[in-house]
file model-v5.txt (compact mmCIF, C-alpha atoms)
# COMPACT_ATOMS: atom_id res chain seq x y z
CA MET A 1 1.79 -98.25 -41.84
CA ASP A 2 0.42 -96.72 -38.66
CA VAL A 3 -2.17 -94.08 -39.59
CA SER A 4 -2.34 -92.92 -35.96
CA LYS A 5 1.14 -91.43 -36.37
CA LEU A 6 -0.16 -88.82 -38.82
CA ALA A 7 -0.37 -85.35 -37.25
CA GLY A 8 -3.36 -83.34 -38.40
CA ASN A 9 -4.92 -83.17 -41.85
CA VAL A 10 -5.23 -80.78 -44.76
CA ASN A 11 -6.93 -77.55 -43.66
CA PRO A 12 -10.66 -78.08 -44.32
CA ALA A 13 -10.87 -74.49 -45.61
CA ALA A 14 -8.36 -75.23 -48.39
CA PRO A 15 -9.98 -75.42 -51.86
CA VAL A 16 -9.15 -79.10 -52.41
CA HIS A 17 -11.20 -80.81 -55.11
CA SER A 18 -10.06 -84.39 -54.50
CA THR A 19 -7.49 -86.62 -52.81
CA ARG A 20 -5.81 -89.69 -54.31
CA ILE A 21 -3.15 -91.98 -52.83
CA ARG A 22 -1.75 -94.98 -54.67
CA VAL A 23 0.94 -97.62 -54.38
CA GLY A 24 2.22 -100.29 -56.74
CA ARG A 25 2.74 -103.91 -55.77
CA SER A 26 4.18 -107.01 -57.45
CA ILE A 27 3.75 -110.65 -56.46
CA ASP A 28 6.93 -112.51 -55.54
CA GLY A 29 7.83 -115.11 -58.15
CA PHE A 30 6.13 -113.41 -61.12
CA GLY A 31 7.93 -111.34 -63.76
CA LEU A 32 7.66 -107.55 -63.78
CA SER A 33 5.64 -106.08 -66.63
CA PRO A 34 8.50 -105.63 -69.15
CA GLY A 35 9.42 -109.32 -68.93
CA ILE A 36 6.33 -111.10 -67.61
CA THR A 37 5.16 -114.00 -69.73
CA GLN A 38 1.65 -114.22 -71.11
CA GLU A 39 1.01 -117.22 -68.87
CA GLN A 40 2.18 -115.36 -65.75
CA ARG A 41 0.11 -112.29 -66.59
CA LEU A 42 -3.02 -114.40 -66.91
CA LYS A 43 -2.14 -116.14 -63.63
CA VAL A 44 -1.85 -112.76 -61.86
CA GLU A 45 -5.28 -111.78 -63.16
CA SER A 46 -6.75 -115.14 -62.16
CA LEU A 47 -5.30 -114.82 -58.65
CA PHE A 48 -6.78 -111.36 -58.28
CA LYS A 49 -10.20 -112.39 -59.58
CA SER A 50 -10.41 -114.93 -56.78
CA ALA A 51 -8.75 -112.73 -54.18
CA CYS A 52 -11.01 -109.70 -54.67
CA LYS A 53 -14.09 -111.75 -53.83
CA LYS A 54 -12.77 -111.91 -50.25
CA PHE A 55 -12.40 -108.14 -49.72
CA PRO A 56 -14.27 -107.15 -46.54
CA GLY A 57 -16.90 -104.50 -45.83
CA LYS A 58 -16.64 -101.24 -47.77
CA LEU A 59 -13.72 -102.57 -49.82
CA ALA A 60 -16.00 -105.10 -51.52
CA GLY A 61 -16.83 -104.50 -55.16
CA SER A 62 -16.48 -105.84 -58.70
CA TYR A 63 -13.71 -106.67 -61.16
CA TYR A 64 -13.99 -105.60 -64.81
CA PRO A 65 -11.60 -107.30 -67.29
CA LEU A 66 -10.59 -105.15 -70.24
CA LEU A 67 -10.85 -108.07 -72.65
CA GLY A 68 -14.44 -108.36 -73.83
CA MET A 69 -15.61 -105.37 -71.81
CA GLU A 70 -19.14 -104.23 -72.67
CA GLU A 71 -19.37 -100.73 -74.12
CA SER A 72 -21.71 -99.52 -71.35
CA VAL A 73 -19.19 -100.65 -68.71
CA ARG A 74 -16.29 -99.10 -70.62
CA GLN A 75 -18.09 -95.76 -70.94
CA GLN A 76 -18.96 -95.71 -67.24
CA LEU A 77 -15.34 -96.34 -66.30
CA VAL A 78 -14.29 -93.53 -68.66
CA ASP A 79 -16.86 -91.19 -67.12
CA ASP A 80 -15.58 -92.08 -63.64
CA HIS A 81 -11.96 -91.42 -64.80
CA PHE A 82 -11.03 -94.97 -63.75
CA LEU A 83 -10.09 -96.55 -67.07
CA PHE A 84 -6.43 -96.90 -68.03
CA MET A 85 -5.70 -96.99 -71.75
CA SER A 86 -3.11 -98.38 -74.13
CA GLY A 87 -0.88 -96.13 -76.20
CA ASP A 88 1.66 -94.81 -73.70
CA ALA A 89 4.93 -94.68 -75.66
CA ASN A 90 7.09 -95.61 -72.67
CA LEU A 91 4.96 -98.62 -71.74
CA ARG A 92 4.82 -99.77 -75.34
CA ILE A 93 8.55 -99.56 -76.07
CA SER A 94 9.41 -101.37 -72.81
CA GLY A 95 7.16 -104.28 -73.70
CA MET A 96 4.53 -103.64 -71.02
CA GLU A 97 1.66 -103.58 -73.54
CA ARG A 98 2.32 -106.99 -75.04
CA ASP A 99 -0.86 -109.06 -75.56
CA TRP A 100 -3.03 -106.01 -74.84
CA PRO A 101 -5.73 -106.04 -73.44
CA GLU A 102 -5.56 -109.68 -72.32
CA GLY A 103 -4.97 -110.18 -68.62
CA ARG A 104 -5.73 -106.58 -67.66
CA GLY A 105 -8.61 -105.18 -65.69
CA ILE A 106 -9.96 -102.78 -63.10
CA PHE A 107 -11.52 -103.42 -59.72
CA HIS A 108 -13.46 -100.83 -57.76
CA ASN A 109 -15.51 -101.00 -54.59
CA ASP A 110 -19.19 -100.13 -54.53
CA ASP A 111 -18.48 -96.61 -53.26
CA LYS A 112 -15.91 -96.03 -56.04
CA THR A 113 -13.31 -94.93 -53.49
CA PHE A 114 -11.00 -97.98 -53.67
CA LEU A 115 -9.53 -99.23 -56.95
CA VAL A 116 -7.01 -101.79 -58.15
CA TRP A 117 -5.54 -101.70 -61.65
CA VAL A 118 -4.39 -105.17 -62.67
CA ASN A 119 -1.41 -105.64 -65.03
CA GLU A 120 -1.06 -102.05 -66.16
CA GLU A 121 2.46 -100.68 -65.49
CA ASP A 122 2.69 -102.82 -62.35
CA GLN A 123 0.94 -106.07 -61.53
CA PHE A 124 -1.19 -104.08 -59.09
CA ARG A 125 -1.83 -100.38 -58.66
CA ILE A 126 -3.77 -100.04 -55.41
CA ILE A 127 -5.62 -96.72 -55.18
CA SER A 128 -7.70 -94.89 -52.57
CA MET A 129 -9.50 -91.71 -53.59
CA GLU A 130 -12.42 -89.45 -52.82
CA LYS A 131 -13.71 -85.91 -53.26
CA GLY A 132 -12.46 -83.30 -50.82
CA GLY A 133 -9.34 -83.07 -48.69
CA ASP A 134 -9.64 -85.78 -46.04
CA VAL A 135 -6.14 -87.11 -46.66
CA LYS A 136 -6.09 -89.07 -43.41
CA GLY A 137 -9.33 -90.85 -44.31
CA VAL A 138 -8.07 -91.70 -47.79
CA PHE A 139 -4.79 -93.02 -46.36
CA THR A 140 -6.66 -95.12 -43.79
CA ARG A 141 -8.66 -96.78 -46.57
CA LEU A 142 -5.50 -97.37 -48.61
CA VAL A 143 -3.77 -99.11 -45.70
CA GLU A 144 -6.81 -101.35 -45.25
CA GLY A 145 -6.90 -102.03 -48.99
CA ILE A 146 -3.22 -102.96 -49.26
CA LYS A 147 -3.70 -105.44 -46.42
CA ALA A 148 -6.83 -106.89 -48.03
CA VAL A 149 -5.08 -107.40 -51.38
CA GLY A 150 -1.96 -108.85 -49.77
CA ASP A 151 -3.82 -111.19 -47.44
CA SER A 152 -6.16 -112.43 -50.16
CA VAL A 153 -3.36 -113.02 -52.70
CA LYS A 154 -1.35 -114.82 -50.01
CA GLU A 155 -4.32 -117.06 -49.24
CA GLU A 156 -4.79 -117.86 -52.94
CA SER A 157 -1.16 -118.37 -53.95
CA GLY A 158 0.97 -118.64 -50.81
CA LYS A 159 3.04 -115.71 -52.13
CA ASP A 160 3.82 -112.28 -50.64
CA PHE A 161 4.44 -108.95 -52.32
CA MET A 162 7.91 -108.57 -53.83
CA LEU A 163 10.01 -106.75 -51.21
CA ASP A 164 13.74 -106.00 -51.17
CA GLU A 165 15.44 -105.32 -47.85
CA LYS A 166 17.36 -102.35 -49.24
CA TYR A 167 15.14 -100.98 -52.03
CA GLY A 168 11.69 -101.63 -50.61
CA TYR A 169 8.75 -102.73 -52.75
CA VAL A 170 9.84 -103.68 -56.27
CA HIS A 171 8.11 -102.00 -59.21
CA SER A 172 8.49 -101.99 -62.97
CA CYS A 173 9.69 -98.37 -62.94
CA PRO A 174 12.77 -97.62 -60.77
CA SER A 175 11.29 -94.25 -59.80
CA ASN A 176 8.74 -96.13 -57.68
CA LEU A 177 11.24 -98.20 -55.70
CA GLY A 178 10.71 -97.89 -51.96
CA THR A 179 7.14 -97.20 -50.97
CA GLY A 180 5.81 -96.84 -54.50
CA MET A 181 3.49 -94.26 -52.97
CA ARG A 182 2.15 -91.11 -54.57
CA ALA A 183 -0.18 -89.09 -52.32
CA SER A 184 -1.80 -86.14 -54.09
CA VAL A 185 -4.52 -83.53 -53.93
CA HIS A 186 -6.06 -81.34 -56.63
CA ILE A 187 -6.09 -77.85 -55.15
CA ASP A 188 -6.78 -74.31 -56.42
CA LEU A 189 -3.84 -71.94 -55.91
CA PRO A 190 -4.81 -68.66 -57.64
CA GLY A 191 -2.40 -66.59 -55.56
CA TRP A 192 0.56 -68.76 -56.48
CA THR A 193 -0.56 -68.79 -60.14
CA SER A 194 -0.44 -64.99 -60.28
CA HIS A 195 2.83 -64.93 -58.34
CA GLY A 196 4.40 -67.27 -60.90
CA VAL A 197 4.22 -70.97 -61.78
CA ASP A 198 8.03 -71.25 -61.87
CA LYS A 199 8.15 -69.84 -58.34
CA LEU A 200 5.54 -72.39 -57.26
CA ARG A 201 7.68 -75.19 -58.68
CA ALA A 202 10.71 -73.89 -56.77
CA ARG A 203 8.69 -73.65 -53.54
CA CYS A 204 7.41 -77.20 -53.99
CA GLU A 205 10.99 -78.39 -54.38
CA GLU A 206 11.80 -76.82 -50.99
CA LEU A 207 8.81 -78.60 -49.45
CA ALA A 208 9.71 -82.00 -51.04
CA LEU A 209 6.58 -81.79 -53.19
CA GLN A 210 5.91 -82.23 -56.90
CA PRO A 211 3.42 -79.99 -58.76
CA ARG A 212 1.68 -81.17 -61.91
CA GLY A 213 -1.23 -80.12 -64.05
CA THR A 214 -4.48 -81.95 -63.40
CA ARG A 215 -4.21 -83.78 -66.73
CA GLY A 216 -1.45 -86.02 -65.42
CA GLU A 217 2.30 -86.32 -65.64
CA SER A 218 2.61 -84.92 -69.16
CA GLY A 219 -0.82 -83.37 -69.68
CA GLY A 220 0.02 -79.73 -69.00
CA GLN A 221 -1.42 -77.10 -66.72
CA THR A 222 -4.90 -75.61 -66.90
CA GLY A 223 -6.20 -72.69 -64.84
CA CYS A 224 -5.15 -72.40 -61.21
CA THR A 225 -5.79 -76.02 -60.18
CA TYR A 226 -2.71 -78.13 -59.46
CA ASP A 227 -1.97 -81.74 -58.63
CA ILE A 228 0.36 -81.54 -55.61
CA SER A 229 2.06 -84.72 -54.39
CA ASN A 230 5.04 -86.01 -52.44
CA LYS A 231 8.24 -85.96 -54.50
CA HIS A 232 10.07 -88.91 -52.94
CA ARG A 233 9.29 -92.64 -52.89
CA LEU A 234 12.54 -94.15 -51.56
CA GLY A 235 14.15 -93.58 -48.16
CA TYR A 236 11.02 -92.59 -46.26
CA SER A 237 8.07 -94.41 -44.72
CA GLU A 238 4.56 -94.13 -46.12
CA VAL A 239 3.49 -92.14 -43.05
CA GLN A 240 6.38 -89.70 -43.51
CA LEU A 241 5.47 -89.13 -47.16
CA VAL A 242 1.80 -88.51 -46.44
CA GLN A 243 2.76 -86.18 -43.58
CA THR A 244 5.06 -84.28 -45.94
CA MET A 245 2.20 -83.84 -48.39
CA ILE A 246 -0.25 -82.68 -45.70
CA ASP A 247 2.18 -80.18 -44.20
CA GLY A 248 3.31 -78.93 -47.59
CA VAL A 249 -0.22 -78.41 -48.92
CA ASN A 250 -1.17 -76.50 -45.77
CA THR A 251 1.90 -74.30 -46.21
CA LEU A 252 1.12 -73.62 -49.88
CA TYR A 253 -2.49 -72.76 -49.01
CA LYS A 254 -1.42 -70.32 -46.27
CA GLU A 255 1.03 -68.64 -48.63
CA ASP A 256 -1.57 -68.57 -51.40
CA LEU A 257 -3.93 -66.55 -49.19
CA GLU A 258 -1.08 -64.13 -48.43
CA PHE A 259 -0.36 -63.68 -52.15
CA GLN A 260 -4.04 -63.12 -52.89
CA ALA A 261 -4.25 -60.45 -50.19
CA ALA A 262 -1.09 -58.71 -51.43
CA GLN A 263 -2.29 -58.84 -55.05
CA LYS A 264 -5.64 -57.37 -54.06
CA ALA A 265 -3.98 -54.57 -52.11
CA ALA A 266 -1.70 -53.73 -55.04
CA ALA A 267 -4.51 -53.68 -57.60
CA PRO A 268 -5.48 -50.24 -58.97
CA LYS A 269 -8.38 -48.71 -57.12
CA LYS A 270 -11.53 -48.20 -59.15
CA GLU A 271 -12.74 -44.59 -59.37
call {"tool": "encode", "arguments": {"input": "model-v5.txt", "output": "structure tokens"}}
result
Amino acid sequence: MDVSKLAGNVNPAAPVHSTRIRVGRSIDGFGLSPGITQEQRLKVESLFKSACKKFPGKLAGSYYPLLGMEESVRQQLVDDHFLFMSGDANLRISGMERDWPEGRGIFHNDDKTFLVWVNEEDQFRIISMEKGGDVKGVFTRLVEGIKAVGDSVKEESGKDFMLDEKYGYVHSCPSNLGTGMRASVHIDLPGWTSHGVDKLRARCEELALQPRGTRGESGGQTGCTYDISNKHRLGYSEVQLVQTMIDGVNTLYKEDLEFQAAQKAAAPKKE
């Protein structure tokens, strides 16, 4: 993943609230979440507990196991919107929540811009995030974080991430095969909202983007703020997918301003 190949960034004038890029990773030789044994899950957590102590510089931080978590820690993670919860019907029916919450936990760096979820849907969800629209900066940190996790796990266990020559990085959900990457921003699009949410969805399809509400995949839409991300995972490089998101968001923002101007011009004049 060569960050230098990215061209430009999201327009700094765009009303972007936050940027988040994540990937999933699995350790070669361990079962995926639907079939992983209790012993393997605990081994993954143990490996990560040791590995995360070696993270360098601004990636350094602390690991918080879900089992036995103090209420003050739990509430802080909730307030920071970091905590993943049990209860997802799809995860439950597929067996991914067996032995909950044993063997699960959350790591974040001191700046709260780099996170790793351990043994949620995937063995690892590696996440880079921050306020604002510096997508290139968030991607740079993610690339550094993926390397830190991979190198540290390799040092601890001698094992690499699970990688298939044809299908890319292997995940519990087939929709994440390939890069396993979702690069997203939360952005205000009032012009598009007035123009029509269905039309925004169709435009995102043309731009290889996926629009969601800010409450997540099934949480619905509120106001004029949208979660805009790359649509594809498989068949493209990580750099290509981030570039697609940057270019698409800039296009949507430009068009949003045009819609706002047209809507203002068409509004009845006040006497």
call {"tool": "closest_atom_pairs", "arguments": {"input": "model-v5.txt", "of": "stretch 177-208 of chain A", "to": "stretch 140-154 of chain A", "cutoff": "12 Å", "atoms": "only C-alpha atoms", "output": "CSV"}}
result
residue,atom,partner,partner_atom,distance
A:Thr179,CA,A:Ile146,CA,12.0
A:Met181,CA,A:Leu142,CA,10.5
A:Arg182,CA,A:Leu142,CA,11.5
A:Ala183,CA,A:Leu142,CA,10.5
call {"tool": "residues_around", "arguments": {"input": "model-v5.txt", "residues": "A:Ile126", "least_positions_apart": "2", "cutoff": "8 Å", "atoms": "only C-alpha atoms", "output": "VMD selection string"}}
result
chain A and resid 22 to 25 114 to 117 124 128 142 145 to 146
call {"tool": "closest_residue", "arguments": {"input": "model-v5.txt", "among": "A:Leu234, A:Gly103, A:Val249, A:Leu257", "to": "A:Ser175", "atoms": "all atoms listed in the file"}}
result
A:Leu234
call {"tool": "closest_residue", "arguments": {"input": "model-v5.txt", "among": "A:Asp2, A:Asp79, A:Asp164, A:Glu206", "to": "A:Leu177", "atoms": "only C-alpha atoms"}}
result
A:Asp164
call {"tool": "residues_around", "arguments": {"input": "model-v5.txt", "residues": "stretch 5-8 of chain A", "least_positions_apart": "4", "cutoff": "9 Å", "atoms": "all atoms listed in the file", "output": "number ranges by chain"}}
result
A: 1, 136, 239-240, 242-243, 246-247
call {"tool": "residues_near_point", "arguments": {"input": "model-v5.txt", "point": "(2.2, -115.2, -53.4)", "cutoff": "10 Å", "atoms": "all atoms listed in the file", "output": "JSON list (two decimals) with C-alpha atoms, in the coordinates of the input"}}
result
[["chain", "number", "residue", "atom", "x", "y", "z"],
["A", 26, "SER", "CA", 4.18, -107.01, -57.45],
["A", 27, "ILE", "CA", 3.75, -110.65, -56.46],
["A", 28, "ASP", "CA", 6.93, -112.51, -55.54],
["A", 29, "GLY", "CA", 7.83, -115.11, -58.15],
["A", 30, "PHE", "CA", 6.13, -113.41, -61.12],
["A", 44, "VAL", "CA", -1.85, -112.76, -61.86],
["A", 47, "LEU", "CA", -5.30, -114.82, -58.65],
["A", 150, "GLY", "CA", -1.96, -108.85, -49.77],
["A", 151, "ASP", "CA", -3.82, -111.19, -47.44],
["A", 152, "SER", "CA", -6.16, -112.43, -50.16],
["A", 153, "VAL", "CA", -3.36, -113.02, -52.70],
["A", 154, "LYS", "CA", -1.35, -114.82, -50.01],
["A", 155, "GLU", "CA", -4.32, -117.06, -49.24],
["A", 156, "GLU", "CA", -4.79, -117.86, -52.94],
["A", 157, "SER", "CA", -1.16, -118.37, -53.95],
["A", 158, "GLY", "CA", 0.97, -118.64, -50.81],
["A", 159, "LYS", "CA", 3.04, -115.71, -52.13],
["A", 160, "ASP", "CA", 3.82, -112.28, -50.64],
["A", 161, "PHE", "CA", 4.44, -108.95, -52.32],
["A", 162, "MET", "CA", 7.91, -108.57, -53.83]]
call {"tool": "atom_distance", "arguments": {"input": "model-v5.txt", "atom1": "atom CA of A:Gln40", "atom2": "atom CA of A:Arg74"}}
result
25.1 Å
call {"tool": "closest_residue", "arguments": {"input": "model-v5.txt", "among": "A:Glu258, A:Val118, A:Asn11, A:Cys224", "to": "A:Gly196", "atoms": "only C-alpha atoms"}}
result
A:Cys224
call {"tool": "atom_distance", "arguments": {"input": "model-v5.txt", "atom1": "atom CA of A:Gln38", "atom2": "atom CA of A:Asp99"}}
result
7.3 Å
call {"tool": "atom_distance", "arguments": {"input": "model-v5.txt", "atom1": "atom CA of A:Phe55", "atom2": "atom CA of A:Glu97"}}
result
28.0 Å
